[in-house]
$ cat my_file27.tsv   # TSV, C-alpha atoms
chain	number	residue	atom	x	y	z
Q	1	MET	CA	-8.29	-31.74	72.86
Q	2	SER	CA	-8.26	-28.40	74.59
Q	3	SER	CA	-8.31	-28.39	78.37
Q	4	SER	CA	-9.68	-24.87	78.64
Q	5	MET	CA	-13.18	-24.29	79.93
Q	6	PRO	CA	-15.84	-23.15	77.41
Q	7	GLN	CA	-16.35	-19.38	77.36
Q	8	ILE	CA	-19.76	-18.01	78.28
Q	9	ASP	CA	-20.62	-14.82	76.44
Q	10	ALA	CA	-21.60	-12.21	79.01
Q	11	PRO	CA	-23.89	-9.43	77.79
Q	12	GLN	CA	-22.13	-6.23	76.87
Q	13	ILE	CA	-22.63	-3.43	79.37
Q	14	ILE	CA	-24.18	-0.52	77.50
Q	15	ALA	CA	-25.43	1.48	80.48
Q	16	CYS	CA	-24.61	2.09	84.13
Q	17	THR	CA	-26.29	3.68	87.07
Q	18	VAL	CA	-23.99	6.04	88.96
Q	19	SER	CA	-25.04	6.88	92.51
Q	20	ARG	CA	-23.99	7.10	96.13
Q	21	ASP	CA	-26.05	3.97	96.81
Q	22	VAL	CA	-28.28	2.56	94.10
Q	23	GLN	CA	-30.43	0.86	96.76
Q	24	ASN	CA	-31.81	4.33	97.55
Q	25	PHE	CA	-33.35	4.27	94.07
Q	26	ASP	CA	-35.12	0.90	94.00
Q	27	LEU	CA	-37.54	2.03	91.29
Q	28	LEU	CA	-34.58	2.94	89.08
Q	29	ILE	CA	-33.21	-0.61	89.46
Q	30	GLU	CA	-36.53	-2.05	88.32
Q	31	ASP	CA	-36.75	0.32	85.35
Q	32	MET	CA	-33.16	-0.37	84.26
Q	33	GLU	CA	-33.82	-4.13	84.34
Q	34	SER	CA	-37.05	-3.65	82.42
Q	35	ALA	CA	-35.43	-1.47	79.74
Q	36	LEU	CA	-32.01	-3.14	79.41
Q	37	GLY	CA	-32.20	-6.62	80.90
Q	38	GLU	CA	-28.72	-7.57	82.11
Q	39	ALA	CA	-26.87	-5.11	79.85
Q	40	TRP	CA	-26.28	-2.60	82.63
Q	41	GLY	CA	-24.15	-2.21	85.72
Q	42	ASP	CA	-23.85	-0.08	88.82
Q	43	LEU	CA	-21.04	2.27	89.83
Q	44	GLY	CA	-20.29	4.62	92.69
Q	45	PHE	CA	-19.23	8.20	92.04
Q	46	SER	CA	-15.46	7.64	92.38
Q	47	GLU	CA	-15.66	4.25	90.64
Q	48	SER	CA	-17.30	5.80	87.59
Q	49	LEU	CA	-14.44	8.24	87.03
Q	50	ALA	CA	-11.94	5.38	87.10
Q	51	PHE	CA	-14.15	3.10	84.97
Q	52	PHE	CA	-14.49	5.58	82.09
Q	53	SER	CA	-10.81	5.11	81.21
Q	54	GLN	CA	-10.99	1.29	81.29
Q	55	PRO	CA	-11.32	-0.83	78.09
Q	56	GLU	CA	-14.60	-2.24	79.45
Q	57	ALA	CA	-16.15	1.21	79.10
Q	58	ALA	CA	-15.79	1.15	75.31
Q	59	THR	CA	-19.29	-0.27	74.89
Q	60	LEU	CA	-20.90	2.16	77.33
Q	61	GLU	CA	-23.64	4.25	75.66
Q	62	LEU	CA	-25.21	6.04	78.61
Q	63	ILE	CA	-25.19	6.52	82.36
Q	64	ALA	CA	-28.07	7.24	84.70
Q	65	LEU	CA	-26.68	9.65	87.31
Q	66	ALA	CA	-28.97	9.25	90.33
Q	67	LEU	CA	-28.82	12.01	92.93
Q	68	ASP	CA	-30.75	13.25	95.95
Q	69	SER	CA	-30.48	16.26	98.27
Q	70	GLU	CA	-27.51	14.77	100.16
Q	71	ASP	CA	-25.44	14.79	96.96
Q	72	GLU	CA	-25.70	18.56	96.52
Q	73	GLU	CA	-22.56	18.88	98.66
Q	74	ASN	CA	-20.70	16.98	95.93
Q	75	LEU	CA	-21.73	19.04	92.90
Q	76	PRO	CA	-18.13	19.50	91.64
Q	77	MET	CA	-17.71	15.70	91.46
Q	78	MET	CA	-21.10	15.34	89.75
Q	79	SER	CA	-20.03	17.94	87.21
Q	80	GLU	CA	-16.77	16.08	86.64
Q	81	ILE	CA	-18.63	12.80	86.05
Q	82	ILE	CA	-20.82	14.49	83.44
Q	83	SER	CA	-17.83	16.15	81.77
Q	84	GLN	CA	-15.86	12.89	81.63
Q	85	ALA	CA	-18.86	11.02	80.21
Q	86	LYS	CA	-19.55	13.66	77.57
Q	87	SER	CA	-15.89	13.73	76.51
Q	88	ARG	CA	-16.24	10.02	75.72
Q	89	HIS	CA	-19.56	10.52	73.90
Q	90	ILE	CA	-21.54	8.80	76.67
Q	91	LYS	CA	-25.07	10.11	77.14
Q	92	VAL	CA	-26.10	11.26	80.61
Q	93	ILE	CA	-29.57	10.89	82.11
Q	94	LEU	CA	-29.97	12.88	85.31
Q	95	ILE	CA	-32.25	11.17	87.88
Q	96	ALA	CA	-32.90	13.56	90.76
Q	97	GLU	CA	-34.97	13.55	93.94
Q	98	ASP	CA	-35.50	16.64	96.14
Q	99	MET	CA	-32.65	18.63	94.62
Q	100	SER	CA	-32.76	22.42	94.38
Q	101	PRO	CA	-33.53	24.01	91.00
Q	102	ALA	CA	-30.16	25.79	91.09
Q	103	SER	CA	-28.29	22.47	91.39
Q	104	LEU	CA	-30.34	20.88	88.64
Q	105	HIS	CA	-29.76	23.86	86.39
Q	106	SER	CA	-26.01	23.71	87.03
Q	107	LEU	CA	-25.80	20.02	86.11
Q	108	LEU	CA	-27.95	20.41	83.02
Q	109	ARG	CA	-25.76	23.27	81.87
Q	110	GLN	CA	-22.75	21.02	82.44
Q	111	GLY	CA	-24.05	18.77	79.67
Q	112	ALA	CA	-26.59	16.25	81.02
Q	113	ASP	CA	-28.72	15.13	78.07
Q	114	GLU	CA	-32.00	14.39	79.85
Q	115	PHE	CA	-33.62	14.96	83.24
Q	116	VAL	CA	-36.11	12.56	84.84
Q	117	PRO	CA	-37.46	13.24	88.36
Q	118	TYR	CA	-37.52	10.50	90.97
Q	119	PRO	CA	-39.83	8.67	91.66
Q	120	LEU	CA	-39.77	7.87	87.96
Q	121	PRO	CA	-42.98	8.34	85.97
Q	122	GLU	CA	-44.14	5.04	84.52
Q	123	GLY	CA	-42.31	4.19	81.30
Q	124	GLU	CA	-40.35	7.46	81.31
Q	125	LEU	CA	-36.88	5.92	81.70
Q	126	ALA	CA	-37.40	3.45	78.85
Q	127	ALA	CA	-38.72	6.23	76.61
Q	128	THR	CA	-35.75	8.43	77.49
Q	129	ILE	CA	-33.24	5.65	76.76
Q	130	GLU	CA	-34.92	4.91	73.44
Q	131	ARG	CA	-34.85	8.61	72.54
Q	132	LEU	CA	-31.15	8.93	73.35
Q	133	ARG	CA	-30.18	5.74	71.52
Q	134	ALA	CA	-32.13	6.86	68.46
Q	135	GLY	CA	-29.80	9.83	68.12
Q	136	PRO	CA	-30.18	13.58	68.58
Q	137	GLU	CA	-33.28	15.33	67.39
Q	138	PRO	CA	-32.76	18.25	65.02
Q	139	THR	CA	-32.02	21.38	66.97
Q	140	ALA	CA	-34.11	24.52	66.73
Q	141	GLU	CA	-31.43	26.06	64.51
Q	142	HIS	CA	-32.04	23.37	61.87
Q	143	ILE	CA	-35.82	23.56	61.80
Q	144	GLU	CA	-38.27	26.35	61.19
Q	145	ALA	CA	-38.09	28.29	64.44
Q	146	GLY	CA	-41.45	29.96	64.39
Q	147	PRO	CA	-44.45	30.77	62.25
Q	148	LYS	CA	-44.36	32.64	58.99
Q	149	LEU	CA	-46.17	35.82	59.95
Q	150	LYS	CA	-48.40	37.65	57.51
Q	151	PRO	CA	-47.27	41.18	56.63
Q	152	GLY	CA	-49.95	43.78	57.27
Q	153	ALA	CA	-52.00	41.62	59.67
Q	154	ASP	CA	-54.09	43.58	62.18
Q	155	LYS	CA	-55.69	41.27	64.74
Q	156	ASP	CA	-55.60	43.87	67.54
Q	157	GLY	CA	-54.85	41.11	70.05
Q	158	ALA	CA	-55.46	41.41	73.78
Q	159	VAL	CA	-52.36	41.95	75.93
Q	160	ILE	CA	-52.46	40.00	79.21
Q	161	VAL	CA	-49.60	40.66	81.62
Q	162	VAL	CA	-48.45	38.65	84.65
Q	163	HIS	CA	-46.18	40.37	87.20
Q	164	GLY	CA	-44.93	38.72	90.38
Q	165	LEU	CA	-44.76	41.14	93.32
Q	166	ALA	CA	-42.13	38.96	95.01
Q	167	GLY	CA	-39.93	36.04	94.07
Q	168	GLY	CA	-41.57	32.64	94.02
Q	169	THR	CA	-45.17	33.81	93.77
Q	170	GLY	CA	-45.78	31.63	90.72
Q	171	ALA	CA	-46.01	34.37	88.09
Q	172	THR	CA	-44.19	32.44	85.37
Q	173	SER	CA	-46.18	29.29	86.08
Q	174	MET	CA	-49.38	31.29	85.71
Q	175	ALA	CA	-48.19	33.00	82.52
Q	176	VAL	CA	-47.17	29.72	80.87
Q	177	ASN	CA	-50.32	27.84	81.84
Q	178	LEU	CA	-52.64	30.76	81.07
Q	179	ALA	CA	-51.11	31.08	77.61
Q	180	TRP	CA	-51.53	27.36	77.00
Q	181	GLU	CA	-55.15	27.34	78.23
Q	182	LEU	CA	-55.98	30.31	75.99
Q	183	ALA	CA	-54.38	28.59	72.99
Q	184	THR	CA	-56.50	25.48	73.60
Q	185	SER	CA	-59.68	27.22	74.78
Q	186	ASP	CA	-61.56	26.76	71.52
Q	187	LYS	CA	-61.09	23.41	69.79
Q	188	LYS	CA	-63.03	24.38	66.64
Q	189	ASN	CA	-61.44	27.78	66.12
Q	190	PRO	CA	-58.30	27.92	68.29
Q	191	PRO	CA	-57.04	31.46	68.92
Q	192	LYS	CA	-53.48	32.38	68.04
Q	193	VAL	CA	-51.49	33.02	71.21
Q	194	CYS	CA	-48.00	34.42	71.74
Q	195	LEU	CA	-46.13	34.19	75.05
Q	196	LEU	CA	-43.42	36.82	75.61
Q	197	ASP	CA	-40.78	36.37	78.32
Q	198	PHE	CA	-39.64	39.90	79.18
Q	199	ASP	CA	-37.55	38.84	82.17
Q	200	LEU	CA	-34.21	39.25	80.40
Q	201	GLN	CA	-32.21	38.02	83.37
Q	202	PHE	CA	-34.04	35.18	85.10
Q	203	GLY	CA	-36.79	34.36	82.61
Q	204	ALA	CA	-37.88	30.74	83.02
Q	205	VAL	CA	-40.48	30.34	80.28
Q	206	ALA	CA	-37.96	28.40	78.16
Q	207	THR	CA	-37.32	26.04	81.08
Q	208	TYR	CA	-41.01	25.52	81.84
Q	209	LEU	CA	-41.69	24.60	78.19
Q	210	ASP	CA	-38.37	22.81	77.53
Q	211	LEU	CA	-37.40	25.19	74.73
Q	212	PRO	CA	-33.86	26.22	73.73
Q	213	ARG	CA	-32.61	29.76	74.32
Q	214	ARG	CA	-31.18	31.18	71.12
Q	215	GLU	CA	-28.96	34.07	70.08
Q	216	VAL	CA	-31.53	35.21	67.52
Q	217	VAL	CA	-33.67	36.58	70.39
Q	218	TYR	CA	-30.87	38.94	71.43
Q	219	ASP	CA	-30.36	40.00	67.81
Q	220	MET	CA	-34.03	40.87	67.49
Q	221	LEU	CA	-34.16	42.78	70.80
Q	222	ILE	CA	-31.28	45.10	69.95
Q	223	GLU	CA	-32.58	45.86	66.46
Q	224	THR	CA	-36.31	46.38	66.91
Q	225	ASP	CA	-36.15	49.49	64.73
Q	226	GLU	CA	-35.40	47.15	61.81
Q	227	MET	CA	-37.75	44.39	62.95
Q	228	ASP	CA	-40.34	43.10	60.49
Q	229	GLU	CA	-42.71	40.13	60.46
Q	230	GLU	CA	-39.98	37.81	59.20
Q	231	SER	CA	-37.39	38.67	61.84
Q	232	PHE	CA	-39.97	38.60	64.63
Q	233	GLY	CA	-41.24	35.22	63.47
Q	234	GLN	CA	-37.69	33.84	63.38
Q	235	ALA	CA	-37.22	34.84	67.02
Q	236	LEU	CA	-40.29	32.84	68.06
Q	237	LEU	CA	-40.42	29.13	68.81
Q	238	THR	CA	-43.49	26.98	68.28
Q	239	TYR	CA	-44.53	24.78	71.19
Q	240	GLU	CA	-46.45	21.64	70.13
Q	241	ASP	CA	-47.82	23.38	67.02
Q	242	THR	CA	-50.08	25.38	69.33
Q	243	LEU	CA	-48.29	28.19	71.16
Q	244	GLN	CA	-45.74	30.73	69.90
Q	245	VAL	CA	-43.06	31.68	72.42
Q	246	LEU	CA	-40.44	34.42	72.65
Q	247	THR	CA	-38.01	33.06	75.23
Q	248	ALA	CA	-35.62	35.12	77.31
Q	249	PRO	CA	-32.18	35.54	75.68
Q	250	ALA	CA	-29.50	32.89	76.13
Q	251	ASP	CA	-27.37	35.17	78.33
Q	252	MET	CA	-28.30	37.23	81.38
Q	253	LEU	CA	-28.79	40.79	80.15
Q	254	PRO	CA	-29.45	44.13	81.86
Q	255	LEU	CA	-33.13	45.01	82.00
Q	256	ASP	CA	-32.43	48.40	80.44
Q	257	LEU	CA	-31.01	46.73	77.32
Q	258	ILE	CA	-34.39	47.44	75.74
Q	259	THR	CA	-36.20	50.77	75.83
Q	260	SER	CA	-39.85	51.74	75.94
Q	261	GLU	CA	-39.73	52.18	72.16
Q	262	ASP	CA	-38.39	48.64	71.73
Q	263	VAL	CA	-41.15	47.20	73.90
Q	264	THR	CA	-43.81	49.19	72.03
Q	265	ARG	CA	-42.59	47.80	68.69
Q	266	ILE	CA	-42.59	44.21	69.98
Q	267	LEU	CA	-46.06	44.50	71.52
Q	268	ASP	CA	-47.47	46.18	68.41
Q	269	MET	CA	-46.04	43.44	66.21
Q	270	ALA	CA	-47.38	40.69	68.48
Q	271	ARG	CA	-50.83	42.28	68.78
Q	272	ASN	CA	-51.12	42.54	65.01
Q	273	GLN	CA	-50.31	38.86	64.53
Q	274	PHE	CA	-52.00	37.16	67.49
Q	275	ASP	CA	-55.37	37.09	69.24
Q	276	TYR	CA	-53.74	37.02	72.69
Q	277	VAL	CA	-50.33	38.22	73.82
Q	278	VAL	CA	-49.33	36.95	77.28
Q	279	VAL	CA	-46.38	38.78	78.84
Q	280	ASP	CA	-44.28	37.42	81.72
Q	281	MET	CA	-42.71	40.44	83.43
Q	282	PRO	CA	-39.66	40.70	85.69
Q	283	SER	CA	-40.55	41.44	89.32
Q	284	THR	CA	-38.39	44.58	89.10
Q	285	LEU	CA	-39.97	47.85	87.97
Q	286	VAL	CA	-38.11	49.23	84.95
Q	287	GLN	CA	-38.53	52.22	82.67
Q	288	TRP	CA	-40.60	50.22	80.20
Q	289	THR	CA	-43.01	48.81	82.83
Q	290	GLU	CA	-45.18	51.87	82.12
Q	291	THR	CA	-45.26	50.95	78.42
Q	292	VAL	CA	-46.42	47.41	79.13
Q	293	LEU	CA	-49.05	48.61	81.61
Q	294	SER	CA	-50.37	51.18	79.15
Q	295	ASN	CA	-50.69	48.53	76.42
Q	296	ALA	CA	-52.17	45.89	78.71
Q	297	HIS	CA	-55.85	44.98	78.64
Q	298	VAL	CA	-55.43	43.32	82.03
Q	299	TYR	CA	-52.37	43.35	84.31
Q	300	PHE	CA	-52.26	40.48	86.82
Q	301	ALA	CA	-50.22	41.24	89.94
Q	302	MET	CA	-49.31	38.00	91.74
Q	303	LEU	CA	-48.95	37.88	95.51
Q	304	GLU	CA	-49.17	35.48	98.42
Q	305	LEU	CA	-50.54	35.69	101.93
Q	306	ASP	CA	-47.40	36.97	103.63
Q	307	MET	CA	-45.92	40.25	104.86
Q	308	ARG	CA	-43.38	40.71	102.05
Q	309	CYS	CA	-46.10	40.52	99.38
Q	310	ALA	CA	-48.33	42.88	101.36
Q	311	GLN	CA	-45.55	45.45	101.64
Q	312	ASN	CA	-44.55	45.06	97.99
Q	313	ALA	CA	-48.15	45.38	96.83
Q	314	LEU	CA	-48.51	48.64	98.73
Q	315	ARG	CA	-45.26	50.04	97.33
Q	316	PHE	CA	-46.16	48.85	93.83
Q	317	LYS	CA	-49.54	50.55	93.97
Q	318	ARG	CA	-48.06	53.80	95.33
Q	319	ALA	CA	-45.35	53.85	92.65
Q	320	LEU	CA	-47.91	53.57	89.88
Q	321	GLN	CA	-50.23	56.14	91.42
Q	322	SER	CA	-47.38	58.64	91.84
Q	323	GLU	CA	-46.79	58.48	88.09
Q	324	GLU	CA	-50.53	58.68	87.39
Q	325	LEU	CA	-50.46	55.34	85.61
Q	326	PRO	CA	-53.67	53.34	84.93
Q	327	VAL	CA	-53.86	51.31	88.15
Q	328	GLU	CA	-57.43	50.34	87.26
Q	329	LYS	CA	-55.92	47.73	84.90
Q	330	LEU	CA	-54.41	45.87	87.86
Q	331	ARG	CA	-56.02	42.61	88.91
Q	332	TYR	CA	-54.52	41.21	92.09
Q	333	VAL	CA	-54.09	37.42	92.12
Q	334	MET	CA	-53.61	35.52	95.38
Q	335	ASN	CA	-51.56	32.40	94.69
Q	336	ARG	CA	-51.64	29.44	97.08
Q	337	ALA	CA	-54.88	30.85	98.46
Q	338	PRO	CA	-56.41	29.20	101.53
Q	339	LYS	CA	-58.93	26.42	101.08
Q	340	PHE	CA	-62.63	27.11	101.36
Q	341	THR	CA	-62.79	25.49	104.79
Q	342	ASP	CA	-59.85	27.48	106.23
Q	343	LEU	CA	-61.96	30.33	107.61
Q	344	ASN	CA	-59.13	31.87	109.64
Q	345	ALA	CA	-56.86	32.20	106.59
Q	346	LYS	CA	-59.72	33.49	104.42
Q	347	ALA	CA	-60.32	36.19	107.02
Q	348	ARG	CA	-56.62	37.12	106.80
Q	349	VAL	CA	-56.94	37.49	103.02
Q	350	LYS	CA	-59.91	39.82	103.51
Q	351	ARG	CA	-58.06	41.92	106.10
Q	352	MET	CA	-54.98	42.10	103.85
Q	353	ALA	CA	-57.05	43.41	100.93
Q	354	GLU	CA	-58.81	45.96	103.12
Q	355	SER	CA	-55.58	47.25	104.68
Q	356	LEU	CA	-53.97	47.65	101.25
Q	357	GLY	CA	-57.05	49.21	99.70
Q	358	ILE	CA	-57.13	46.65	96.90
Q	359	SER	CA	-59.47	43.99	95.60
Q	360	ILE	CA	-58.10	40.46	95.26
Q	361	ASP	CA	-59.97	39.39	92.14
Q	362	VAL	CA	-58.51	35.92	91.59
Q	363	GLN	CA	-57.59	33.30	94.19
Q	364	LEU	CA	-55.57	30.35	92.92
Q	365	PRO	CA	-55.24	27.18	95.01
Q	366	ASP	CA	-51.94	25.53	95.86
Q	367	GLY	CA	-51.12	23.07	93.08
Q	368	GLY	CA	-48.58	21.21	95.21
Q	369	LYS	CA	-45.65	19.18	93.90
Q	370	GLN	CA	-47.37	18.53	90.58
Q	371	VAL	CA	-46.65	22.14	89.58
Q	372	THR	CA	-42.92	21.78	90.22
Q	373	GLN	CA	-42.87	18.42	88.43
Q	374	ALA	CA	-44.66	19.88	85.39
Q	375	ASN	CA	-42.22	22.80	85.26
Q	376	ASP	CA	-39.23	20.45	85.58
Q	377	HIS	CA	-40.62	18.31	82.76
Q	378	GLY	CA	-41.16	21.35	80.57
Q	379	LEU	CA	-44.89	20.72	80.19
Q	380	PRO	CA	-48.07	22.69	80.91
Q	381	LEU	CA	-50.16	21.40	83.81
Q	382	ALA	CA	-52.91	20.41	81.38
Q	383	ASN	CA	-50.54	17.83	79.86
Q	384	THR	CA	-49.30	16.33	83.13
Q	385	ALA	CA	-51.98	16.89	85.78
Q	386	ALA	CA	-55.22	17.94	84.10
Q	387	LYS	CA	-57.23	17.51	87.31
Q	388	ASN	CA	-54.87	19.60	89.42
Q	389	PRO	CA	-56.91	22.31	91.23
Q	390	LEU	CA	-54.54	25.08	90.08
Q	391	ARG	CA	-54.85	23.96	86.47
Q	392	ARG	CA	-58.65	23.96	86.74
Q	393	GLU	CA	-58.74	27.53	88.07
Q	394	ILE	CA	-56.37	28.81	85.38
Q	395	ALA	CA	-58.49	27.05	82.75
Q	396	LYS	CA	-61.61	28.78	84.13
Q	397	LEU	CA	-59.81	32.13	84.01
Q	398	ALA	CA	-58.70	31.55	80.41
Q	399	SER	CA	-62.23	30.55	79.43
Q	400	SER	CA	-63.72	33.70	80.97
Q	401	ILE	CA	-61.14	35.88	79.18
Q	402	HIS	CA	-61.88	34.19	75.86
Q	403	ASP	CA	-65.65	34.48	76.35
Q	404	LEU	CA	-65.32	38.18	77.21
Q	405	LYS	CA	-63.25	38.84	74.09
Q	406	ALA	CA	-65.78	36.95	71.97
Q	407	ASP	CA	-68.64	39.03	73.39
Q	408	GLU	CA	-66.74	42.25	72.68
Q	409	ALA	CA	-66.12	41.11	69.10
Q	410	LYS	CA	-69.83	40.41	68.61
Q	411	ALA	CA	-70.79	43.79	70.09
Q	412	ALA	CA	-68.41	45.55	67.70
$ encode --input "my_file27.tsv" --output "structure tokens"
Amino acid sequence: MSSSMPQIDAPQIIACTVSRDVQNFDLLIEDMESALGEAWGDLGFSESLAFFSQPEAATLELIALALDSEDEENLPMMSEIISQAKSRHIKVILIAEDMSPASLHSLLRQGADEFVPYPLPEGELAATIERLRAGPEPTAEHIEAGPKLKPGADKDGAVIVVHGLAGGTGATSMAVNLAWELATSDKKNPPKVCLLDFDLQFGAVATYLDLPRREVVYDMLIETDEMDEESFGQALLTYEDTLQVLTAPADMLPLDLITSEDVTRILDMARNQFDYVVVDMPSTLVQWTETVLSNAHVYFAMLELDMRCAQNALRFKRALQSEELPVEKLRYVMNRAPKFTDLNAKARVKRMAESLGISIDVQLPDGGKQVTQANDHGLPLANTAAKNPLRREIAKLASSIHDLKADEAKAA
């Protein structure tokens, strides 16, 4: 008769949280228990690096790396944790609260598989774990990248441009959401919409729609003289079977990589194939800005109620006037505009417009944290916060643009 005690089978550990103190992420604890029962553990940063090389780590499938703003000082260690996990084929879910976009971008580039903001949206962690355990989805290189465009099409689409007059004015957010609202503006006969990211250096359209950046975009940009419907279509990506997107290239490129002739060819191709072409411009004025302005039906200039935007708006206007460019196409958009009841701020907006000699045609409310969360999730506001005041105003703007185009088509 054996004198040894009976062995109790402990559940295999298939996942771990890795954090400075997991008690700072109490919702994460609840979600891990809900998704994995007892098949998960908790590690500190230094402990995780040592644990990866232990035999017990052989069953580990994924880690949830939970970080907040205090951990930004330790980014090299966070990067090392991700690298060590990836080298052992362990998936990494990045759980982040109040971290800067630059830090998040750095860690995602290091190899994190998924990003989920904290506090965690209901059911998001379980869905993410299920998605990772199911295996990788086919990449954009293994699926049809974009639509098959019809040779000889001539839709004469409307070109709508968004240009931020200073960093952080929300130009890309407006471009992405305006394009989405236009594409969904008519349920019975949805218009075809193409979104072009012309910010070759810091373009964020791909980030805001969670799309990959691909080398084929660079190949198309440097050979526009040989571009046809097939090559242009291959450079596009389809977002939710609704919106066609030309992302910025994978690498940061000089803005003068493309010429006015290149831009003209791209816009002509897009206008022939789509009802609306929405262009997200770099804040910098370049030699081909004139080309885009000349082709634009409306050119939205984004600004905020501060001195830098006021000065930039004045310089922008003077620069265009000195070249005798069509400034009448400009429509100034005030982002994060004051609320209706804030009479003092509304008076400041009026004085700003009068001093600059401009008309502020569109005033967009502050969408708050929901805008940042939607961008981080790679989703339009309509899909994450349909009742957000900013989303409602952009939807109204898209509807008015679509109605105007429909009236013009009837008159013709």
$ residues_around --input "my_file27.tsv" --residues "Q:Leu28" --least-positions-apart "4" --cutoff "10 Å" --atoms "only C-alpha atoms" --output "VMD selection string"
chain Q and resid 17 22 to 24 32 to 34 64 66 95 118 to 120 125
$ write_last_selection --input "my_file27.tsv" --atoms "C-alpha atoms" --output "mmCIF file, keeping the file's coordinate frame"
data_model
loop_
_atom_site.group_PDB
_atom_site.id
_atom_site.type_symbol
_atom_site.label_atom_id
_atom_site.label_comp_id
_atom_site.auth_asym_id
_atom_site.auth_seq_id
_atom_site.Cartn_x
_atom_site.Cartn_y
_atom_site.Cartn_z
ATOM 1 C CA THR Q 17 -26.290 3.680 87.070
ATOM 2 C CA VAL Q 22 -28.280 2.560 94.100
ATOM 3 C CA GLN Q 23 -30.430 0.860 96.760
ATOM 4 C CA ASN Q 24 -31.810 4.330 97.550
ATOM 5 C CA MET Q 32 -33.160 -0.370 84.260
ATOM 6 C CA GLU Q 33 -33.820 -4.130 84.340
ATOM 7 C CA SER Q 34 -37.050 -3.650 82.420
ATOM 8 C CA ALA Q 64 -28.070 7.240 84.700
ATOM 9 C CA ALA Q 66 -28.970 9.250 90.330
ATOM 10 C CA ILE Q 95 -32.250 11.170 87.880
ATOM 11 C CA TYR Q 118 -37.520 10.500 90.970
ATOM 12 C CA PRO Q 119 -39.830 8.670 91.660
ATOM 13 C CA LEU Q 120 -39.770 7.870 87.960
ATOM 14 C CA LEU Q 125 -36.880 5.920 81.700
#
$ residues_near_point --input "my_file27.tsv" --point "(-40.9, 31.1, 82.4)" --cutoff "9 Å" --atoms "all atoms listed in the file" --output "ChimeraX atom specification"
/Q:171-173,175-176,197,199,202-209,247-248,280,375
$ residues_near_point --input "my_file27.tsv" --point "(-64.3, 27.3, 77.5)" --cutoff "10 Å" --atoms "all atoms listed in the file" --output "PyMOL selection string"
chain Q and resi 181-182+184-187+395-403
$ residues_around --input "my_file27.tsv" --residues "Q:His377" --least-positions-apart "3" --cutoff "10 Å" --atoms "all atoms listed in the file" --output "PyMOL selection string"
chain Q and resi 114-117+207-210+371-374+380+384
$ residues_around --input "my_file27.tsv" --residues "Q:Lys329" --least-positions-apart "2" --cutoff "6 Å" --atoms "only C-alpha atoms" --output "PyMOL selection string"
chain Q and resi 298-299+327
$ write_last_selection --input "my_file27.tsv" --atoms "C-alpha atoms" --output "mmCIF file, in the coordinates of the input"
data_model
loop_
_atom_site.group_PDB
_atom_site.id
_atom_site.type_symbol
_atom_site.label_atom_id
_atom_site.label_comp_id
_atom_site.auth_asym_id
_atom_site.auth_seq_id
_atom_site.Cartn_x
_atom_site.Cartn_y
_atom_site.Cartn_z
ATOM 1 C CA VAL Q 298 -55.430 43.320 82.030
ATOM 2 C CA TYR Q 299 -52.370 43.350 84.310
ATOM 3 C CA VAL Q 327 -53.860 51.310 88.150
#
$ axis_aligned_box --input "my_file27.tsv" --around "stretch 78-81 of chain Q" --padding-each-side "5 Å" --output "JSON"
{"center_x": -18.9, "center_y": 15.4, "center_z": 87.9, "size_x": 14.3, "size_y": 15.1, "size_z": 13.7}
$ atom_distance --input "my_file27.tsv" --atom1 "atom CA of Q:Asp113" --atom2 "atom CA of Q:Ala179"
27.5 Å
$ closest_residue --input "my_file27.tsv" --among "Q:Leu75, Q:Ala347, Q:Val278, Q:Leu221" --to "Q:Val292" --atoms "only C-alpha atoms"
Q:Val278
$ closest_atom_pairs --input "my_file27.tsv" --of "stretch 245-292 of chain Q" --to "stretch 159-166 of chain Q" --cutoff "8 Å" --atoms "only C-alpha atoms" --output "Markdown table"
| residue | atom | partner | partner_atom | distance |
| --- | --- | --- | --- | --- |
| Q:Arg271 | CA | Q:Val159 | CA | 7.3 |
| Q:Tyr276 | CA | Q:Val159 | CA | 6.1 |
| Q:Val277 | CA | Q:Val159 | CA | 4.7 |
| Q:Val278 | CA | Q:Ile160 | CA | 4.8 |
| Q:Val279 | CA | Q:Val161 | CA | 4.7 |
| Q:Asp280 | CA | Q:Val162 | CA | 5.2 |
| Q:Met281 | CA | Q:His163 | CA | 5.1 |
| Q:Pro282 | CA | Q:His163 | CA | 6.7 |
| Q:Ser283 | CA | Q:Gly164 | CA | 5.3 |
| Q:Val292 | CA | Q:Val161 | CA | 7.9 |
$ closest_residue --input "my_file27.tsv" --among "Q:Pro147, Q:Gly168, Q:Pro338, Q:Gly378" --to "Q:Asp241" --atoms "all atoms listed in the file"
Q:Pro147
$ atom_distance --input "my_file27.tsv" --atom1 "atom CA of Q:Phe45" --atom2 "atom CA of Q:Leu132"
22.2 Å
$ closest_residue --input "my_file27.tsv" --among "Q:Gly367, Q:Ala58, Q:Leu104, Q:Leu49" --to "Q:Leu381" --atoms "only C-alpha atoms"
Q:Gly367
$ atom_distance --input "my_file27.tsv" --atom1 "atom CA of Q:Met334" --atom2 "atom CA of Q:Ile266"
29.0 Å
$ closest_residue --input "my_file27.tsv" --among "Q:Ala301, Q:Leu343, Q:Ala319, Q:Leu243" --to "Q:Val362" --atoms "only C-alpha atoms"
Q:Ala301
